[in-house]
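Engineer: One file is attached below, data-v3.cif, containing mmCIF, C-alpha atoms.
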```cif
data_target
loop_
_atom_site.label_atom_id
_atom_site.label_comp_id
_atom_site.auth_asym_id
_atom_site.auth_seq_id
_atom_site.Cartn_x
_atom_site.Cartn_y
_atom_site.Cartn_z
CA MET A 1 97.83 45.27 43.58
CA ASN A 2 97.15 44.98 47.25
CA LEU A 3 99.12 42.80 49.67
CA SER A 4 96.44 40.09 49.82
CA THR A 5 96.52 39.64 46.04
CA LEU A 6 100.34 39.43 46.00
CA VAL A 7 100.39 36.84 48.79
CA LYS A 8 97.71 34.77 47.07
CA LYS A 9 99.67 34.94 43.80
CA ASP A 10 102.83 33.83 45.63
CA VAL A 11 101.00 30.86 47.14
CA TYR A 12 99.96 29.70 43.67
CA ILE A 13 103.51 30.15 42.39
CA LEU A 14 104.91 28.29 45.40
CA VAL A 15 102.55 25.34 44.91
CA LEU A 16 103.31 25.22 41.20
CA MET A 17 107.03 25.37 42.01
CA VAL A 18 106.84 22.48 44.48
CA LEU A 19 105.03 20.38 41.87
CA THR A 20 106.99 21.38 38.76
CA VAL A 21 110.62 21.51 39.89
CA PRO A 22 110.81 17.82 40.95
CA LEU A 23 109.36 16.81 37.57
CA ALA A 24 111.74 19.11 35.66
CA GLY A 25 114.58 17.66 37.73
CA GLU A 26 113.97 14.27 36.17
CA ILE A 27 115.11 15.57 32.77
CA LYS A 28 118.79 15.10 33.51
CA PHE A 29 122.29 13.87 32.69
CA TYR A 30 125.25 12.87 34.87
CA PRO A 31 128.48 14.73 33.93
CA LEU A 32 130.78 13.67 36.82
CA ASN A 33 129.59 10.52 38.56
CA GLU A 34 126.51 8.35 39.05
CA THR A 35 124.95 10.56 41.70
CA PHE A 36 125.72 14.17 40.69
CA ARG A 37 123.12 15.28 38.17
CA VAL A 38 122.55 18.31 35.99
CA SER A 39 118.88 18.80 35.23
CA LEU A 40 116.20 21.25 34.23
CA GLY A 41 115.10 21.50 37.86
CA ALA A 42 117.53 24.31 38.69
CA PRO A 43 116.54 26.62 35.80
CA ALA A 44 112.86 26.02 36.56
CA PHE A 45 113.53 26.79 40.23
CA PHE A 46 115.40 29.97 39.29
CA PHE A 47 112.54 31.28 37.16
CA PHE A 48 109.98 30.50 39.86
CA LEU A 49 112.11 32.37 42.41
CA LEU A 50 112.13 35.37 40.09
CA LEU A 51 108.32 35.30 40.04
CA LEU A 52 107.93 35.35 43.82
CA GLN A 53 107.27 38.80 45.26
CA LYS A 54 106.39 38.53 48.93
CA THR A 55 107.41 34.97 49.83
CA GLN A 56 110.93 34.51 51.15
CA ALA A 57 113.17 32.56 48.75
CA VAL A 58 114.55 30.50 51.65
CA LEU A 59 111.09 29.12 52.43
CA ALA A 60 110.63 28.25 48.77
CA GLY A 61 114.02 26.52 48.77
CA PHE A 62 113.18 24.50 51.87
CA LEU A 63 109.82 23.37 50.49
CA THR A 64 111.17 22.64 47.01
CA GLY A 65 114.23 20.79 48.32
CA THR A 66 112.01 18.65 50.52
CA ALA A 67 109.64 17.96 47.63
CA VAL A 68 112.52 16.98 45.32
CA VAL A 69 113.99 14.52 47.84
CA ASN A 70 110.59 12.99 48.59
CA PHE A 71 109.75 12.71 44.88
CA ARG A 72 113.03 10.95 44.09
CA ILE A 73 112.59 8.56 47.01
CA LEU A 74 109.06 7.83 45.76
CA LEU A 75 110.45 7.07 42.31
CA ASP A 76 112.99 4.68 43.85
CA LEU A 77 110.17 2.99 45.77
CA ILE A 78 108.22 2.50 42.54
CA GLU A 79 111.17 1.43 40.38
CA GLN A 80 113.18 -0.84 42.69
CA GLU A 81 112.22 -4.35 43.73
CA ASN A 82 114.40 -4.34 46.84
CA PHE A 83 113.77 -0.79 48.00
CA ASP A 84 116.05 0.38 50.81
CA TRP A 85 114.81 3.54 52.49
CA THR A 86 118.18 4.43 54.03
CA SER A 87 120.12 3.98 50.80
CA SER A 88 117.59 5.98 48.81
CA PHE A 89 117.59 8.81 51.35
CA GLN A 90 121.41 8.91 51.43
CA THR A 91 121.49 9.10 47.65
CA HIS A 92 118.98 11.92 47.35
CA PHE A 93 119.31 14.10 50.46
CA PRO A 94 122.22 16.19 49.04
CA SER A 95 119.72 17.55 46.51
CA PHE A 96 117.90 19.24 49.36
CA PHE A 97 121.03 21.20 50.16
CA PHE A 98 121.39 22.25 46.54
CA TYR A 99 117.92 23.85 46.47
CA PHE A 100 118.23 25.30 49.97
CA THR A 101 121.66 26.80 49.24
CA TYR A 102 120.41 28.09 45.89
CA SER A 103 117.48 29.87 47.51
CA PHE A 104 119.62 31.22 50.36
CA LEU A 105 122.16 32.69 47.93
CA PHE A 106 119.31 34.04 45.78
CA TYR A 107 117.98 35.77 48.89
CA LEU A 108 121.41 37.14 49.86
CA ALA A 109 122.07 38.46 46.35
CA LYS A 110 118.69 40.23 46.31
CA ILE A 111 118.36 39.41 42.63
CA ASN A 112 114.96 41.06 42.29
CA ARG A 113 116.61 44.48 42.58
CA PHE A 114 118.16 43.82 39.15
CA HIS A 115 114.81 43.24 37.43
CA HIS A 116 115.80 45.58 34.56
CA GLN A 117 119.32 44.16 34.14
CA THR A 118 118.84 40.79 32.47
CA LEU A 119 122.53 40.04 31.99
CA MET A 120 123.24 40.74 35.66
CA ILE A 121 120.42 38.40 36.69
CA GLY A 122 121.85 35.70 34.41
CA PHE A 123 125.39 36.19 35.72
CA ILE A 124 124.34 36.09 39.38
CA GLY A 125 122.16 33.04 38.66
CA PHE A 126 125.15 31.32 37.06
CA ILE A 127 127.34 32.01 40.10
CA ILE A 128 124.59 30.82 42.47
CA GLU A 129 124.23 27.62 40.40
CA ILE A 130 127.95 26.85 40.63
CA LEU A 131 128.14 27.54 44.37
CA SER A 132 125.05 25.42 45.04
CA ASP A 133 126.48 22.58 42.95
CA CYS A 134 129.66 22.78 45.01
CA VAL A 135 127.69 22.51 48.26
CA GLU A 136 125.81 19.48 46.89
CA LEU A 137 129.06 17.82 45.83
CA ILE A 138 130.67 18.45 49.24
CA ILE A 139 127.68 16.91 51.01
CA GLN A 140 127.71 13.91 48.68
#
```
Now that the file is in, can you turn its structure into structure tokens?
Structural biologist:
Amino acid sequence: MNLSTLVKKDVYILVLMVLTVPLAGEIKFYPLNETFRVSLGAPAFFFFLLLLQKTQAVLAGFLTGTAVVNFRILLDLIEQENFDWTSSFQTHFPSFFFYFTYSFLFYLAKINRFHHQTLMIGFIGFIIEILSDCVELIIQ
């Protein structure tokens, strides 16, 4: 594959990621409090990051985090009669930091170098998930 084909493939993956992760994030439960959620968004995000080849994970994290926050604010706008922009943003903006931290740690760990070591990828992904959750909780 040439560079142009890889970049084009990454753009498709990135667009699909920005559309899919916010939707997957709505399949959720709340283990600790009313605002901290565990959802399918993080595993979906992880698998999309594994698919990216030339695009930096941090860019994907920034775009996905922004999309997730905007999507959740949009849902609040649709669902609430007395929508308050500030309150909705304050509730959802820590999610941005989860996805951004996740992608930054993914980048630092250089997970793609372990593409033949599935257990190592899973272990590193688990550690990244916990650290990103901690950052989100601290920001909340």
Engineer: Selected by the PyMOL selection byres ((chain A and resi 39) around 6) in the shown coordinates: which residues, as number ranges by chain?
Structural biologist: A: 25, 27-28, 38, 40-41
Engineer: Starting from the shown file, work through the PyMOL selection byres ((chain A and resi 8-24) around 12) and note down what comes out as a PyMOL selection string.
Structural biologist: chain A and resi 1-7+25-28+38-75+92+95-96+99
Engineer: Could you tell me which residues the PyMOL selection byres ((chain A and resi 106-112) around 8) returns for this structure, as a list of chain:residue names?
Structural biologist: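 Residues picked by the PyMOL selection byres ((chain A and resi 106-112) around 8): A:Leu50, A:Gln56, A:Ala57, A:Val58, A:Tyr102, A:Ser103, A:Phe104, A:Leu105, A:Arg113, A:Phe114, A:His115, A:Ile121, A:Ile124, A:Gly125, A:Ile128.
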Engineer: Using all atoms listed in the file, which of the listed residues (A:Asp76, A:Ser87, A:Leu32, A:Phe98) sits closest to Leu131 (chain A)?
Structural biologist: A:Phe98
Engineer: So what do you get for CA of Phe93 (chain A) versus CA of Leu77 (chain A), distance-wise?
Structural biologist: 15.1 Å
Engineer: Just give me the gap between CA of Thr101 (chain A) and CA of Cys134 (chain A) in Å, one decimal is fine.
Structural biologist: 9.9 Å
Engineer: Tell me, in Å to one decimal, how far CA of Phe97 (chain A) is from CA of Leu119 (chain A).
Structural biologist: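 So the two atoms, CA of Phe97 (chain A) and CA of Leu119 (chain A), lie 26.2 Å apart.
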Engineer: Would you mind completing region 121-134 of chain A to N, CA and C atoms and writing the output as an mmCIF file, in the coordinates of the input?
Structural biologist:
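result.cif written:
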```cif
data_model
loop_
_atom_site.group_PDB
_atom_site.id
_atom_site.type_symbol
_atom_site.label_atom_id
_atom_site.label_comp_id
_atom_site.auth_asym_id
_atom_site.auth_seq_id
_atom_site.Cartn_x
_atom_site.Cartn_y
_atom_site.Cartn_z
ATOM 1 N N ILE A 121 121.206 39.490 36.106
ATOM 2 C CA ILE A 121 120.420 38.400 36.690
ATOM 3 C C ILE A 121 120.990 37.058 36.230
ATOM 4 N N GLY A 122 121.288 36.943 34.942
ATOM 5 C CA GLY A 122 121.850 35.700 34.410
ATOM 6 C C GLY A 122 123.210 35.391 35.012
ATOM 7 N N PHE A 123 124.058 36.395 35.151
ATOM 8 C CA PHE A 123 125.390 36.190 35.720
ATOM 9 C C PHE A 123 125.301 35.757 37.180
ATOM 10 N N ILE A 124 124.493 36.447 37.963
ATOM 11 C CA ILE A 124 124.340 36.090 39.380
ATOM 12 C C ILE A 124 123.731 34.696 39.496
ATOM 13 N N GLY A 125 122.750 34.386 38.659
ATOM 14 C CA GLY A 125 122.160 33.040 38.660
ATOM 15 C C GLY A 125 123.186 31.974 38.353
ATOM 16 N N PHE A 126 124.081 32.261 37.416
ATOM 17 C CA PHE A 126 125.150 31.320 37.060
ATOM 18 C C PHE A 126 126.077 31.077 38.248
ATOM 19 N N ILE A 127 126.469 32.130 38.931
ATOM 20 C CA ILE A 127 127.340 32.010 40.100
ATOM 21 C C ILE A 127 126.637 31.228 41.220
ATOM 22 N N ILE A 128 125.365 31.531 41.445
ATOM 23 C CA ILE A 128 124.590 30.820 42.470
ATOM 24 C C ILE A 128 124.509 29.333 42.128
ATOM 25 N N GLU A 129 124.296 29.009 40.852
ATOM 26 C CA GLU A 129 124.230 27.620 40.400
ATOM 27 C C GLU A 129 125.533 26.884 40.713
ATOM 28 N N ILE A 130 126.644 27.487 40.392
ATOM 29 C CA ILE A 130 127.950 26.850 40.630
ATOM 30 C C ILE A 130 128.195 26.648 42.120
ATOM 31 N N LEU A 131 127.933 27.662 42.924
ATOM 32 C CA LEU A 131 128.140 27.540 44.370
ATOM 33 C C LEU A 131 127.227 26.479 44.983
ATOM 34 N N SER A 132 125.988 26.425 44.529
ATOM 35 C CA SER A 132 125.050 25.420 45.040
ATOM 36 C C SER A 132 125.467 24.020 44.626
ATOM 37 N N ASP A 133 125.959 23.873 43.393
ATOM 38 C CA ASP A 133 126.480 22.580 42.950
ATOM 39 C C ASP A 133 127.662 22.151 43.800
ATOM 40 N N CYS A 134 128.521 23.096 44.171
ATOM 41 C CA CYS A 134 129.660 22.780 45.010
ATOM 42 C C CYS A 134 129.220 22.281 46.385
#
```
